[in-house]
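K.L.:
Next comes entry23.cif, mmCIF, N, CA and C atoms:
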data_query
loop_
_atom_site.label_atom_id
_atom_site.label_comp_id
_atom_site.auth_asym_id
_atom_site.auth_seq_id
_atom_site.Cartn_x
_atom_site.Cartn_y
_atom_site.Cartn_z
N MET A 434 -78.30 -3.29 -78.00
CA MET A 434 -78.87 -2.13 -77.36
C MET A 434 -80.24 -2.45 -76.79
N SER A 435 -80.96 -3.35 -77.44
CA SER A 435 -82.31 -3.64 -76.95
C SER A 435 -82.26 -4.23 -75.54
N LEU A 436 -81.23 -5.00 -75.23
CA LEU A 436 -81.11 -5.53 -73.87
C LEU A 436 -80.86 -4.43 -72.86
N VAL A 437 -80.05 -3.46 -73.22
CA VAL A 437 -79.80 -2.33 -72.31
C VAL A 437 -81.10 -1.58 -72.07
N VAL A 438 -81.89 -1.38 -73.11
CA VAL A 438 -83.18 -0.71 -72.98
C VAL A 438 -84.11 -1.55 -72.11
N GLU A 439 -84.14 -2.83 -72.36
CA GLU A 439 -85.01 -3.75 -71.60
C GLU A 439 -84.69 -3.72 -70.11
N PHE A 440 -83.41 -3.53 -69.77
CA PHE A 440 -82.98 -3.49 -68.37
C PHE A 440 -82.93 -2.05 -67.84
N ASP A 441 -83.75 -1.17 -68.39
CA ASP A 441 -83.90 0.22 -67.93
C ASP A 441 -82.60 1.01 -67.92
N GLY A 442 -81.76 0.79 -68.91
CA GLY A 442 -80.58 1.62 -69.10
C GLY A 442 -79.33 1.17 -68.39
N HIS A 443 -79.38 0.07 -67.66
CA HIS A 443 -78.16 -0.45 -67.01
C HIS A 443 -78.17 -1.96 -67.11
N LEU A 444 -77.15 -2.51 -67.75
CA LEU A 444 -77.07 -3.95 -67.94
C LEU A 444 -75.69 -4.43 -67.55
N GLU A 445 -75.67 -5.39 -66.66
CA GLU A 445 -74.39 -5.98 -66.26
C GLU A 445 -73.78 -6.70 -67.45
N ALA A 446 -72.47 -6.55 -67.61
CA ALA A 446 -71.78 -7.15 -68.75
C ALA A 446 -71.89 -8.67 -68.73
N ALA A 447 -72.02 -9.26 -67.56
CA ALA A 447 -72.14 -10.72 -67.48
C ALA A 447 -73.38 -11.21 -68.22
N VAL A 448 -74.46 -10.43 -68.18
CA VAL A 448 -75.68 -10.80 -68.90
C VAL A 448 -75.42 -10.78 -70.41
N LEU A 449 -74.72 -9.75 -70.88
CA LEU A 449 -74.39 -9.67 -72.31
C LEU A 449 -73.43 -10.78 -72.71
N ARG A 450 -72.49 -11.11 -71.84
CA ARG A 450 -71.55 -12.18 -72.18
C ARG A 450 -72.27 -13.51 -72.33
N GLU A 451 -73.37 -13.70 -71.58
CA GLU A 451 -74.18 -14.90 -71.75
C GLU A 451 -74.89 -14.88 -73.10
N ALA A 452 -75.40 -13.71 -73.49
CA ALA A 452 -76.11 -13.58 -74.76
C ALA A 452 -75.17 -13.67 -75.95
N PHE A 453 -73.92 -13.23 -75.77
CA PHE A 453 -72.91 -13.25 -76.83
C PHE A 453 -71.68 -14.03 -76.35
N PRO A 454 -71.76 -15.35 -76.34
CA PRO A 454 -70.67 -16.16 -75.79
C PRO A 454 -69.34 -16.02 -76.54
N ARG A 455 -69.38 -15.55 -77.76
CA ARG A 455 -68.14 -15.39 -78.53
C ARG A 455 -67.44 -14.07 -78.22
N GLY A 456 -68.03 -13.25 -77.35
CA GLY A 456 -67.40 -12.00 -76.94
C GLY A 456 -68.25 -10.80 -77.30
N LEU A 457 -67.96 -9.70 -76.62
CA LEU A 457 -68.73 -8.47 -76.81
C LEU A 457 -68.12 -7.55 -77.85
N ARG A 458 -66.99 -7.91 -78.39
CA ARG A 458 -66.34 -7.05 -79.37
C ARG A 458 -67.21 -6.85 -80.61
N GLY A 459 -67.86 -7.88 -81.08
CA GLY A 459 -68.70 -7.78 -82.28
C GLY A 459 -69.79 -6.73 -82.17
N PRO A 460 -70.63 -6.80 -81.13
CA PRO A 460 -71.70 -5.78 -81.01
C PRO A 460 -71.17 -4.37 -80.84
N THR A 461 -70.08 -4.19 -80.09
CA THR A 461 -69.58 -2.83 -79.89
C THR A 461 -68.91 -2.30 -81.15
N VAL A 462 -68.24 -3.16 -81.90
CA VAL A 462 -67.63 -2.74 -83.17
C VAL A 462 -68.72 -2.37 -84.16
N ALA A 463 -69.81 -3.14 -84.21
CA ALA A 463 -70.92 -2.83 -85.11
C ALA A 463 -71.52 -1.46 -84.79
N LEU A 464 -71.65 -1.15 -83.51
CA LEU A 464 -72.18 0.15 -83.11
C LEU A 464 -71.24 1.27 -83.53
N THR A 465 -69.94 1.08 -83.35
CA THR A 465 -68.95 2.08 -83.75
C THR A 465 -69.04 2.33 -85.26
N TYR A 466 -69.11 1.27 -86.05
CA TYR A 466 -69.21 1.43 -87.50
C TYR A 466 -70.51 2.11 -87.90
N ALA A 467 -71.60 1.80 -87.20
CA ALA A 467 -72.89 2.43 -87.51
C ALA A 467 -72.81 3.94 -87.24
N LEU A 468 -72.14 4.33 -86.16
CA LEU A 468 -71.99 5.76 -85.87
C LEU A 468 -71.16 6.45 -86.96
N LYS A 469 -70.07 5.84 -87.36
CA LYS A 469 -69.22 6.42 -88.42
C LYS A 469 -69.99 6.52 -89.73
N ARG A 470 -70.75 5.48 -90.06
CA ARG A 470 -71.53 5.47 -91.29
C ARG A 470 -72.59 6.57 -91.26
N GLY A 471 -73.20 6.78 -90.10
CA GLY A 471 -74.21 7.82 -89.97
C GLY A 471 -73.65 9.21 -90.17
N VAL A 472 -72.45 9.45 -89.66
CA VAL A 472 -71.80 10.75 -89.85
C VAL A 472 -71.45 10.92 -91.33
N LYS A 473 -70.91 9.86 -91.93
CA LYS A 473 -70.51 9.91 -93.34
C LYS A 473 -71.70 10.23 -94.25
N HIS A 474 -72.87 9.69 -93.93
CA HIS A 474 -74.05 9.91 -94.76
C HIS A 474 -74.90 11.08 -94.28
N ASP A 475 -74.37 11.86 -93.37
CA ASP A 475 -75.08 13.03 -92.82
C ASP A 475 -76.40 12.68 -92.16
N TRP A 476 -76.48 11.50 -91.54
CA TRP A 476 -77.67 11.13 -90.80
C TRP A 476 -77.69 11.83 -89.45
N TRP A 477 -76.49 12.11 -88.91
CA TRP A 477 -76.35 12.85 -87.66
C TRP A 477 -75.02 13.59 -87.69
N PRO A 478 -74.86 14.58 -86.82
CA PRO A 478 -73.68 15.43 -86.91
C PRO A 478 -72.39 14.75 -86.43
N GLU A 479 -71.28 15.28 -86.91
CA GLU A 479 -69.95 14.85 -86.47
C GLU A 479 -69.87 14.98 -84.96
N GLY A 480 -69.26 14.02 -84.31
CA GLY A 480 -69.12 14.08 -82.86
C GLY A 480 -70.26 13.43 -82.10
N THR A 481 -71.23 12.86 -82.82
CA THR A 481 -72.32 12.16 -82.15
C THR A 481 -71.74 10.99 -81.37
N GLU A 482 -72.11 10.91 -80.11
CA GLU A 482 -71.56 9.85 -79.25
C GLU A 482 -72.48 8.63 -79.25
N ALA A 483 -71.89 7.51 -78.94
CA ALA A 483 -72.65 6.27 -78.85
C ALA A 483 -73.68 6.38 -77.75
N PRO A 484 -74.88 5.86 -77.98
CA PRO A 484 -75.92 5.94 -76.96
C PRO A 484 -75.66 5.02 -75.76
N VAL A 485 -74.79 4.03 -75.95
CA VAL A 485 -74.46 3.11 -74.87
C VAL A 485 -73.01 3.38 -74.44
N THR A 486 -72.81 3.54 -73.15
CA THR A 486 -71.45 3.73 -72.64
C THR A 486 -71.03 2.50 -71.84
N VAL A 487 -69.75 2.27 -71.83
CA VAL A 487 -69.19 1.12 -71.13
C VAL A 487 -68.74 1.55 -69.75
N VAL A 488 -69.10 0.77 -68.74
CA VAL A 488 -68.63 0.99 -67.37
C VAL A 488 -67.57 -0.06 -67.12
N TYR A 489 -66.37 0.39 -66.77
CA TYR A 489 -65.26 -0.54 -66.56
C TYR A 489 -65.09 -0.84 -65.09
N GLY A 490 -64.77 -2.10 -64.81
CA GLY A 490 -64.44 -2.53 -63.46
C GLY A 490 -62.96 -2.37 -63.24
N GLY A 491 -62.45 -3.02 -62.26
CA GLY A 491 -61.01 -2.95 -61.96
C GLY A 491 -60.20 -3.72 -62.97
N PRO A 492 -58.89 -3.49 -62.98
CA PRO A 492 -58.03 -4.22 -63.92
C PRO A 492 -57.99 -5.70 -63.59
N GLN A 493 -58.09 -6.51 -64.62
CA GLN A 493 -57.98 -7.96 -64.48
C GLN A 493 -56.94 -8.45 -65.47
N ASP A 494 -55.92 -9.08 -64.96
CA ASP A 494 -54.85 -9.60 -65.82
C ASP A 494 -54.23 -8.53 -66.70
N GLY A 495 -54.12 -7.31 -66.18
CA GLY A 495 -53.44 -6.26 -66.92
C GLY A 495 -54.32 -5.51 -67.90
N TRP A 496 -55.60 -5.83 -68.01
CA TRP A 496 -56.48 -5.10 -68.90
C TRP A 496 -57.82 -4.88 -68.21
N ARG A 497 -58.53 -3.88 -68.67
CA ARG A 497 -59.81 -3.55 -68.05
C ARG A 497 -60.93 -4.26 -68.79
N GLN A 498 -61.76 -4.92 -68.03
CA GLN A 498 -62.90 -5.62 -68.62
C GLN A 498 -64.16 -4.83 -68.30
N ALA A 499 -65.06 -4.75 -69.26
CA ALA A 499 -66.33 -4.05 -69.05
C ALA A 499 -67.11 -4.76 -67.95
N SER A 500 -67.67 -3.97 -67.03
CA SER A 500 -68.49 -4.57 -65.98
C SER A 500 -69.98 -4.32 -66.23
N ALA A 501 -70.30 -3.27 -67.01
CA ALA A 501 -71.70 -2.97 -67.30
C ALA A 501 -71.79 -2.06 -68.52
N TYR A 502 -73.00 -1.94 -69.05
CA TYR A 502 -73.29 -1.03 -70.15
C TYR A 502 -74.47 -0.17 -69.72
N GLU A 503 -74.39 1.13 -70.02
CA GLU A 503 -75.43 2.05 -69.60
C GLU A 503 -75.89 2.93 -70.75
N MET A 504 -77.14 3.38 -70.62
CA MET A 504 -77.73 4.31 -71.57
C MET A 504 -78.40 5.42 -70.75
N SER A 505 -78.13 6.67 -71.14
CA SER A 505 -78.68 7.81 -70.39
C SER A 505 -80.18 7.91 -70.54
N GLY A 506 -80.80 8.68 -69.67
CA GLY A 506 -82.26 8.81 -69.67
C GLY A 506 -82.84 9.29 -70.98
N GLU A 507 -82.26 10.33 -71.59
CA GLU A 507 -82.78 10.86 -72.85
C GLU A 507 -82.67 9.84 -73.97
N ASP A 508 -81.50 9.22 -74.08
CA ASP A 508 -81.31 8.18 -75.10
C ASP A 508 -82.22 6.98 -74.82
N LEU A 509 -82.36 6.64 -73.54
CA LEU A 509 -83.19 5.50 -73.16
C LEU A 509 -84.64 5.69 -73.62
N LEU A 510 -85.17 6.88 -73.41
CA LEU A 510 -86.55 7.17 -73.84
C LEU A 510 -86.68 7.07 -75.36
N ALA A 511 -85.71 7.61 -76.09
CA ALA A 511 -85.76 7.59 -77.55
C ALA A 511 -85.67 6.15 -78.08
N PHE A 512 -84.74 5.36 -77.53
CA PHE A 512 -84.58 3.99 -78.01
C PHE A 512 -85.75 3.11 -77.58
N ARG A 513 -86.31 3.36 -76.41
CA ARG A 513 -87.48 2.59 -75.97
C ARG A 513 -88.64 2.84 -76.94
N ALA A 514 -88.86 4.10 -77.33
CA ALA A 514 -89.92 4.42 -78.28
C ALA A 514 -89.64 3.82 -79.65
N ALA A 515 -88.39 3.90 -80.10
CA ALA A 515 -88.03 3.35 -81.41
C ALA A 515 -88.20 1.84 -81.45
N LEU A 516 -87.78 1.15 -80.40
CA LEU A 516 -87.92 -0.31 -80.37
C LEU A 516 -89.38 -0.72 -80.27
N ALA A 517 -90.19 0.03 -79.54
CA ALA A 517 -91.62 -0.27 -79.46
C ALA A 517 -92.27 -0.09 -80.83
N HIS A 518 -91.89 0.97 -81.54
CA HIS A 518 -92.42 1.20 -82.89
C HIS A 518 -91.99 0.07 -83.83
N TYR A 519 -90.73 -0.31 -83.75
CA TYR A 519 -90.21 -1.39 -84.59
C TYR A 519 -90.96 -2.69 -84.32
N ASP A 520 -91.13 -3.02 -83.04
CA ASP A 520 -91.83 -4.25 -82.69
C ASP A 520 -93.28 -4.24 -83.17
N ALA A 521 -93.91 -3.06 -83.11
CA ALA A 521 -95.32 -2.95 -83.50
C ALA A 521 -95.51 -3.01 -85.01
N THR A 522 -94.50 -2.60 -85.77
CA THR A 522 -94.68 -2.50 -87.22
C THR A 522 -94.01 -3.62 -88.01
N THR A 523 -93.16 -4.42 -87.38
CA THR A 523 -92.43 -5.42 -88.16
C THR A 523 -92.74 -6.85 -87.77
N SER A 524 -93.65 -7.04 -86.85
CA SER A 524 -93.93 -8.42 -86.46
C SER A 524 -94.70 -9.13 -87.56
N GLY A 525 -94.16 -10.22 -88.01
CA GLY A 525 -94.80 -11.02 -89.04
C GLY A 525 -95.40 -12.25 -88.40
N PRO A 526 -96.10 -13.03 -89.18
CA PRO A 526 -96.67 -14.26 -88.62
C PRO A 526 -95.55 -15.20 -88.19
N PRO A 527 -95.75 -15.93 -87.11
CA PRO A 527 -94.70 -16.85 -86.67
C PRO A 527 -94.51 -17.98 -87.68
N TRP A 528 -93.30 -18.40 -87.83
CA TRP A 528 -92.99 -19.50 -88.75
C TRP A 528 -93.22 -20.79 -88.00
N ASP A 529 -94.20 -21.58 -88.42
CA ASP A 529 -94.49 -22.82 -87.72
C ASP A 529 -94.39 -24.04 -88.65
N GLU A 530 -93.72 -23.87 -89.76
CA GLU A 530 -93.56 -24.96 -90.71
C GLU A 530 -92.09 -25.34 -90.79
N GLU A 531 -91.82 -26.46 -91.41
CA GLU A 531 -90.44 -26.82 -91.67
C GLU A 531 -89.93 -26.01 -92.84
N ALA A 532 -88.64 -25.80 -92.87
CA ALA A 532 -88.03 -25.08 -93.99
C ALA A 532 -88.22 -25.91 -95.26
N PRO A 533 -88.44 -25.24 -96.41
CA PRO A 533 -88.62 -25.99 -97.65
C PRO A 533 -87.32 -26.69 -98.05
N SER A 534 -87.47 -27.80 -98.71
CA SER A 534 -86.31 -28.56 -99.14
C SER A 534 -85.59 -27.84 -100.27
N ALA A 535 -84.28 -27.87 -100.23
CA ALA A 535 -83.49 -27.28 -101.31
C ALA A 535 -83.60 -28.13 -102.57
N PHE A 536 -84.07 -29.36 -102.43
CA PHE A 536 -84.17 -30.25 -103.57
C PHE A 536 -85.58 -30.31 -104.17
N ALA A 537 -86.53 -29.62 -103.54
CA ALA A 537 -87.90 -29.63 -104.05
C ALA A 537 -87.98 -28.84 -105.34
N VAL A 538 -88.89 -29.22 -106.22
CA VAL A 538 -89.08 -28.52 -107.48
C VAL A 538 -89.75 -27.18 -107.19
N ASN A 539 -89.16 -26.10 -107.68
CA ASN A 539 -89.71 -24.76 -107.50
C ASN A 539 -91.05 -24.66 -108.18
N ALA A 540 -91.94 -23.83 -107.62
CA ALA A 540 -93.29 -23.71 -108.18
C ALA A 540 -93.28 -23.21 -109.63
N GLY A 541 -92.26 -22.50 -110.06
CA GLY A 541 -92.18 -22.00 -111.43
C GLY A 541 -91.56 -23.01 -112.39
N TRP A 542 -91.23 -24.18 -111.93
CA TRP A 542 -90.58 -25.19 -112.77
C TRP A 542 -91.54 -26.35 -113.00
N GLY A 543 -91.42 -26.95 -114.14
CA GLY A 543 -92.13 -28.20 -114.40
C GLY A 543 -91.33 -29.34 -113.79
N ALA A 544 -91.98 -30.46 -113.55
CA ALA A 544 -91.30 -31.58 -112.90
C ALA A 544 -90.09 -32.07 -113.69
N ASP A 545 -90.11 -31.96 -115.04
CA ASP A 545 -89.00 -32.44 -115.86
C ASP A 545 -88.08 -31.33 -116.34
N ASP A 546 -88.36 -30.08 -115.93
CA ASP A 546 -87.53 -28.95 -116.37
C ASP A 546 -86.20 -28.93 -115.63
N ASP A 547 -85.16 -28.46 -116.35
CA ASP A 547 -83.89 -28.25 -115.66
C ASP A 547 -83.58 -26.76 -115.53
N VAL A 548 -84.50 -25.91 -115.99
CA VAL A 548 -84.40 -24.46 -115.83
C VAL A 548 -85.79 -23.91 -115.55
N PRO A 549 -85.90 -22.78 -114.90
CA PRO A 549 -87.24 -22.23 -114.66
C PRO A 549 -87.88 -21.74 -115.95
N ARG A 550 -89.18 -21.74 -115.97
CA ARG A 550 -89.91 -21.23 -117.13
C ARG A 550 -89.79 -19.72 -117.15
N ALA A 551 -89.42 -19.17 -118.30
CA ALA A 551 -89.23 -17.73 -118.42
C ALA A 551 -90.49 -17.02 -118.86
N LEU A 552 -91.39 -17.71 -119.54
CA LEU A 552 -92.61 -17.10 -120.05
C LEU A 552 -93.83 -17.72 -119.40
N HIS A 553 -94.85 -16.91 -119.21
CA HIS A 553 -96.11 -17.43 -118.70
C HIS A 553 -96.85 -18.10 -119.85
N ASP A 554 -97.76 -18.99 -119.54
CA ASP A 554 -98.52 -19.69 -120.57
C ASP A 554 -99.57 -18.80 -121.21
N ASP A 555 -100.01 -17.74 -120.51
CA ASP A 555 -101.04 -16.87 -121.08
C ASP A 555 -100.38 -15.79 -121.95
N PRO A 556 -101.12 -15.21 -122.93
CA PRO A 556 -100.54 -14.20 -123.83
C PRO A 556 -100.03 -13.00 -123.06
N PRO A 557 -99.04 -12.25 -123.53
CA PRO A 557 -98.35 -12.51 -124.79
C PRO A 557 -97.27 -13.58 -124.62
N THR A 558 -97.11 -14.38 -125.65
CA THR A 558 -96.12 -15.44 -125.61
C THR A 558 -94.81 -15.02 -126.24
N ALA A 559 -94.78 -13.83 -126.89
CA ALA A 559 -93.55 -13.33 -127.49
C ALA A 559 -93.00 -12.19 -126.65
N PRO A 560 -91.70 -11.96 -126.69
CA PRO A 560 -91.13 -10.84 -125.93
C PRO A 560 -91.74 -9.51 -126.36
N ASN A 561 -91.87 -8.60 -125.43
CA ASN A 561 -92.43 -7.29 -125.70
C ASN A 561 -91.31 -6.26 -125.67
N PHE A 562 -90.58 -6.13 -126.80
CA PHE A 562 -89.48 -5.18 -126.88
C PHE A 562 -90.03 -3.79 -127.17
N PRO A 563 -89.46 -2.73 -126.59
CA PRO A 563 -89.96 -1.38 -126.84
C PRO A 563 -89.66 -0.92 -128.26
N ASP A 564 -90.55 -0.12 -128.81
CA ASP A 564 -90.39 0.51 -130.13
C ASP A 564 -90.10 -0.47 -131.24
N GLY A 565 -90.62 -1.67 -131.13
CA GLY A 565 -90.45 -2.64 -132.21
C GLY A 565 -89.05 -3.18 -132.34
N ALA A 566 -88.18 -2.91 -131.37
CA ALA A 566 -86.79 -3.41 -131.43
C ALA A 566 -86.81 -4.92 -131.32
N THR A 567 -85.85 -5.54 -131.97
CA THR A 567 -85.70 -7.00 -131.87
C THR A 567 -84.27 -7.29 -131.48
N ARG A 568 -84.05 -8.51 -131.14
CA ARG A 568 -82.68 -8.91 -130.80
C ARG A 568 -81.96 -9.39 -131.99
#
When written as structure tokens, how does the structure in this file appear?
P.N.:
Amino acid sequence: MSLVVEFDGHLEAAVLREAFPRGLRGPTVALTYALKRGVKHDWWPEGTEAPVTVVYGGPQDGWRQASAYEMSGEDLLAFRAALAHYDATTSGPPWDEEAPSAFAVNAGWGADDDVPRALHDDPPTAPNFPDGATR
């Protein structure tokens, strides 16, 4: 949906096919399930329509292929604001390091340990069971 918003509410399907070389079925199915889930959880009313509509071209090989995706003006304004808010509030620092090794010793482990340390070295060193209960 962000691409449709980025292209001012009209995006040629060829652009999406480039972004999703394995096909457009995945993104459209995910949107359909999200709509059903929202109705089920009472996030929005029954009958809520998808904010993105498919524009079909002529028949090709006996089936209709999407030629474009569109979003109406009202939905476009709402999604543009939501995506701007998301971008402004969720941007984290860029990752500029290599991924840590899966074989590196975890910071909570000693070099010779085969399990992580369960207790800290500072007090209390004994379990703190409620109401004096013991195992």
K.L.:
Evaluate the PyMOL selection byres ((chain A and resi 484) around 7) against this structure - the residues, as a PDB file with N, CA and C atoms, keeping the file's coordinate frame, please.
P.N.:
ATOM      1  N   THR A 481     -71.230  12.860 -82.820  1.00  0.00           N
ATOM      2  CA  THR A 481     -72.320  12.160 -82.150  1.00  0.00           C
ATOM      3  C   THR A 481     -71.740  10.990 -81.370  1.00  0.00           C
ATOM      4  N   GLU A 482     -72.110  10.910 -80.110  1.00  0.00           N
ATOM      5  CA  GLU A 482     -71.560   9.850 -79.250  1.00  0.00           C
ATOM      6  C   GLU A 482     -72.480   8.630 -79.250  1.00  0.00           C
ATOM      7  N   ALA A 483     -71.890   7.510 -78.940  1.00  0.00           N
ATOM      8  CA  ALA A 483     -72.650   6.270 -78.850  1.00  0.00           C
ATOM      9  C   ALA A 483     -73.680   6.380 -77.750  1.00  0.00           C
ATOM     10  N   VAL A 485     -74.790   4.030 -75.950  1.00  0.00           N
ATOM     11  CA  VAL A 485     -74.460   3.110 -74.870  1.00  0.00           C
ATOM     12  C   VAL A 485     -73.010   3.380 -74.440  1.00  0.00           C
ATOM     13  N   THR A 486     -72.810   3.540 -73.150  1.00  0.00           N
ATOM     14  CA  THR A 486     -71.450   3.730 -72.640  1.00  0.00           C
ATOM     15  C   THR A 486     -71.030   2.500 -71.840  1.00  0.00           C
ATOM     16  N   GLU A 503     -74.390   1.130 -70.020  1.00  0.00           N
ATOM     17  CA  GLU A 503     -75.430   2.050 -69.600  1.00  0.00           C
ATOM     18  C   GLU A 503     -75.890   2.930 -70.750  1.00  0.00           C
ATOM     19  N   MET A 504     -77.140   3.380 -70.620  1.00  0.00           N
ATOM     20  CA  MET A 504     -77.730   4.310 -71.570  1.00  0.00           C
ATOM     21  C   MET A 504     -78.400   5.420 -70.750  1.00  0.00           C
ATOM     22  N   SER A 505     -78.130   6.670 -71.140  1.00  0.00           N
ATOM     23  CA  SER A 505     -78.680   7.810 -70.390  1.00  0.00           C
ATOM     24  C   SER A 505     -80.180   7.910 -70.540  1.00  0.00           C
ATOM     25  N   ASP A 508     -81.500   9.220 -74.080  1.00  0.00           N
ATOM     26  CA  ASP A 508     -81.310   8.180 -75.100  1.00  0.00           C
ATOM     27  C   ASP A 508     -82.220   6.980 -74.820  1.00  0.00           C
TER      28      ASP A 508
END
K.L.:
Residues at most 7 Å from segment 509-524 of chain A, counting all atoms listed in the file, excluding those fewer than 3 positions away in the same chain, as a list in words?
P.N.:
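With the cut-off at 7 Å, the set is Val438, Asp441, Gly442, Met504, Ser505, Gly506 and Pro527 of chain A.
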K.L.:
Using DSSP secondary structure from the backbone, list all strand (DSSP E or B) positions within segment 466-526 of chain A, as a PyMOL selection string.
P.N.:
chain A and resi 485-493+496-504
K.L.:
Hey, what's within 12 Å of Thr461 of chain A if we count only C-alpha atoms and toss same-chain stuff fewer than 2 positions away? As a list in words, please?
P.N.:
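Selected residues are Met434, Leu449, Phe453, Gly456, Leu457, Arg458, Gly459, Ala463, Leu464, Thr465, Tyr466, Ala467, Leu468, Ala483, Pro484, Val485, Thr486, Val487, Ala499 and Tyr502 of chain A.
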K.L.:
Work out how far apart atom C of Gly480 of chain A and atom CA of Val462 of chain A are and give it in Å to one decimal.
P.N.:
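Answer for the atom C of Gly480 of chain A to atom CA of Val462 of chain A separation: 16.4 Å.
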K.L.:
Looking at A:Ser500, A:Trp477, A:Lys469, A:Tyr489, which one is nearest to Val448 of chain A, with distances taken over only C-alpha atoms?
P.N.:
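Using only C-alpha atoms, the shortest distance to Val448 of chain A belongs to A:Ser500.
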K.L.:
Just give me the gap between atom CA of His443 of chain A and atom CA of Arg455 of chain A in Å, one decimal is fine.
P.N.:
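Here the two named atoms are 21.4 Å from each other.
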K.L.:
If I take atom CA of Leu444 of chain A and atom CA of Ala501 of chain A, how far is one from the other in Å, to one decimal?
P.N.:
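Taking atom CA of Leu444 of chain A and atom CA of Ala501 of chain A, their separation equals 5.5 Å.
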